[in-house]
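Some notes on the structure that comes next.
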Amino acid sequence: MLVKTAEDIIIQQTIFFNKISNSCLINLTWGKKYSIKKHFQNNNKLYSLITGINLNQYFVRINTNKNLKNIIQAIQHIQLYLNNLYLVKNNLIPFNKVILQPYIDEIKKESSLFKLWIIDNVTDLNNTKLYLTQDGNLPTNLDNVKPTDTIYNMVYNFNNSYHGKLTYPEVLLFYQKIINLQQKIKYYNGDNLEELDTNIVGYRTDEDYWIANWLYTNTLSSENLILVCEINVDDYLNQSIQMIGDLQMAGNLTLMNPAEYFKYVRDKIPLSSLNTLVSIYPEEEFVGIGSQKIFTQYVLNYKTIDLQMNNVFAKNHVVVSNPYYPNFVGERIADPSSSLTYDESIKSSYSGLTVRRKTKVFTLEDIVNEGNGKFGIDI
């Protein structure tokens, strides 16, 4: 098997060109590393400054945490998209284009989740123009990107000319985004931007959180432009819960792996037929591991009173079902090292599992009601 080195991954997923920045996720023998690279040219030689963080040091298991992996890859992809857009417009060819092109083509397939917009000003909000593509799709070049209008006119003088392209709530959304972006650029980069200055920023709107890669250029048109490619974080995050403290909830709880959940949603397979799940049903006082069979019908020569009298199934409370041995282990720790004195209850071979049967004490009224006119052994 051919094992890819960190250098192979960087070359295949990085645009090498002067002043361009990239990031990627690298598999190393000691874990995953999120790498950030900045390229610069000096004396006709291209240099790359590479740094990054080892995700394992933050106790992150990225192989099982798909949310984190999706976000990191999405950030990498919007960077590559913007960089490639800039190079195509300027007819620039990175030295690794042949190796990189298949990766760029793959990114374009998921570009429906990206959003591209452009502004021409970072200091004067009222005169900032918003540029959008004509059809709303991501362009492979910038030839069809035309200014829509200034943000001020769009917010305060909204008219029917924007209908069909932007609704008024969408205009207000861009207004919030541009304010956030301008504040971030001013904080991190100041007012004096240079060609191919870029950064990754996050900002909130009323309902969503966005991550954007912006890139400044003054060579693509007669105006200075800031290209912004953004993702809505919710598009890349599956529903999840992160909490500190107690959890109290009403209703049943079922945990299943993603593959089983996909079958459950897509193929409408009932939960009772799934095997890799854990269920807790408080109303039924039931816990199931690999099974949701709350009720059991015993063999004919062994019937419970409920089954015999009312013809109903006997109810299980805990079921562990899987094809491997053992199904259940109850481990009792004996002879603890801290025990300095002899204690028979500790040293003896008592079982690690206790099963107890509790009998209800009937009153005379209970017995009469339970008998219901019956006599003999059937009471």
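Residue numbers start at 1 in each chain; chains themselves are named A, B, ... in the order of the structure tokens; ligands are numbered from 1 in the order shown.
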DSSP says strand (DSSP E or B) for which residues of range 80-139 of chain A? Put them as a PyMOL selection string? chain A and resi 115-119+129-133
Show which residues sit within 7 Å of Asn127 in chain A, as a ChimeraX atom specification. Count only C-alpha atoms, and ignore same-chain residues fewer than 4 positions away. /A:150-152
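Near Lys115 in chain A, within 7 Å and counting only C-alpha atoms, sit Cys229, Glu230 and Ile231 of chain A; same-chain residues fewer than 5 positions away were not included.
Excluding range 35-45 of chain A and any residue on its chain fewer than 6 positions from it, the residues at most 9 Å away by only C-alpha atoms are A:Ile10, A:Thr14, A:Phe16, A:Phe17, A:Asn18, A:Lys19, A:Ile20, A:Ser21, A:Asn22, A:Ser23, A:Cys24, A:Leu25, A:Ile26, A:Thr51, A:Gly52, A:Ile53, A:Asn54.
Omitting Asp206 in chain A and its sequence neighbours fewer than 5 positions away, and counting only C-alpha atoms, the residues within 12 Å are Pro169, Glu170, Leu172, Leu173, Phe174, Tyr175, Gln176, Lys177 and Asn180 of chain A.
Our summary of the geometry notes that CA of Asn275 in chain A is positioned 14.1 Å from CA of Ile294 in chain A.
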With distances taken over only C-alpha atoms, the candidate from A:Ala314, A:Val287, A:Leu82, A:Leu113 nearest Asp235 in chain A is A:Leu113
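Atom pair CA of Asp120 in chain A / CA of Asn83 in chain A has a distance of 18.0 Å (rounded to one decimal).
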Just how far from CA of Asp105 in chain A is CA of His77 in chain A, in Å to one decimal? 10.9 Å
Neighbouring residues of Pro102 in chain A were defined as those with any atom within 12 Å, considering only C-alpha atoms; residues of the same chain fewer than 6 positions away were excluded. Please report them as a PDB file with C-alpha atoms, in the first residue's frame.
```pdb
ATOM      1  CA  GLN A  12      -1.957  17.955  -3.642  1.00  0.00           C
ATOM      2  CA  GLN A  13      -4.146  20.328  -1.631  1.00  0.00           C
ATOM      3  CA  THR A  14      -2.243  23.618  -1.792  1.00  0.00           C
ATOM      4  CA  ASN A  96       1.498  22.197  -9.124  1.00  0.00           C
ATOM      5  CA  LYS A 108     -16.635  22.556  -7.240  1.00  0.00           C
ATOM      6  CA  LYS A 109     -19.059  19.669  -6.794  1.00  0.00           C
TER       7      LYS A 109
END
```
Could you pull the residues within 12 Å of Asn153 in chain A, counting only C-alpha atoms, minus those fewer than 6 positions along the same chain, as a PyMOL selection string? chain A and resi 125-130+159+161-162+168+171-172+175
Could those selected residues go to a file with C-alpha atoms, as a PDB file, in the first residue's frame?
```pdb
ATOM      1  CA  LEU A 125     -20.243  51.556   4.697  1.00  0.00           C
ATOM      2  CA  ASN A 126     -22.707  53.951   3.033  1.00  0.00           C
ATOM      3  CA  ASN A 127     -20.824  53.894  -0.259  1.00  0.00           C
ATOM      4  CA  THR A 128     -19.898  50.240  -0.206  1.00  0.00           C
ATOM      5  CA  LYS A 129     -21.153  48.413  -3.290  1.00  0.00           C
ATOM      6  CA  LEU A 130     -22.297  44.819  -3.101  1.00  0.00           C
ATOM      7  CA  ASN A 159     -37.380  49.310  -4.169  1.00  0.00           C
ATOM      8  CA  SER A 161     -35.494  46.743  -8.653  1.00  0.00           C
ATOM      9  CA  TYR A 162     -34.026  44.367  -6.069  1.00  0.00           C
ATOM     10  CA  TYR A 168     -35.493  42.968   1.911  1.00  0.00           C
ATOM     11  CA  VAL A 171     -30.529  42.896   2.083  1.00  0.00           C
ATOM     12  CA  LEU A 172     -30.561  43.381   5.853  1.00  0.00           C
ATOM     13  CA  TYR A 175     -25.883  44.655   5.861  1.00  0.00           C
TER      14      TYR A 175
END
```
Run DSSP on the backbone and give me the residues of range 182-277 of chain A it puts in alpha helix (DSSP H), as a VMD selection string. chain A and resid 182 to 189 258 to 266
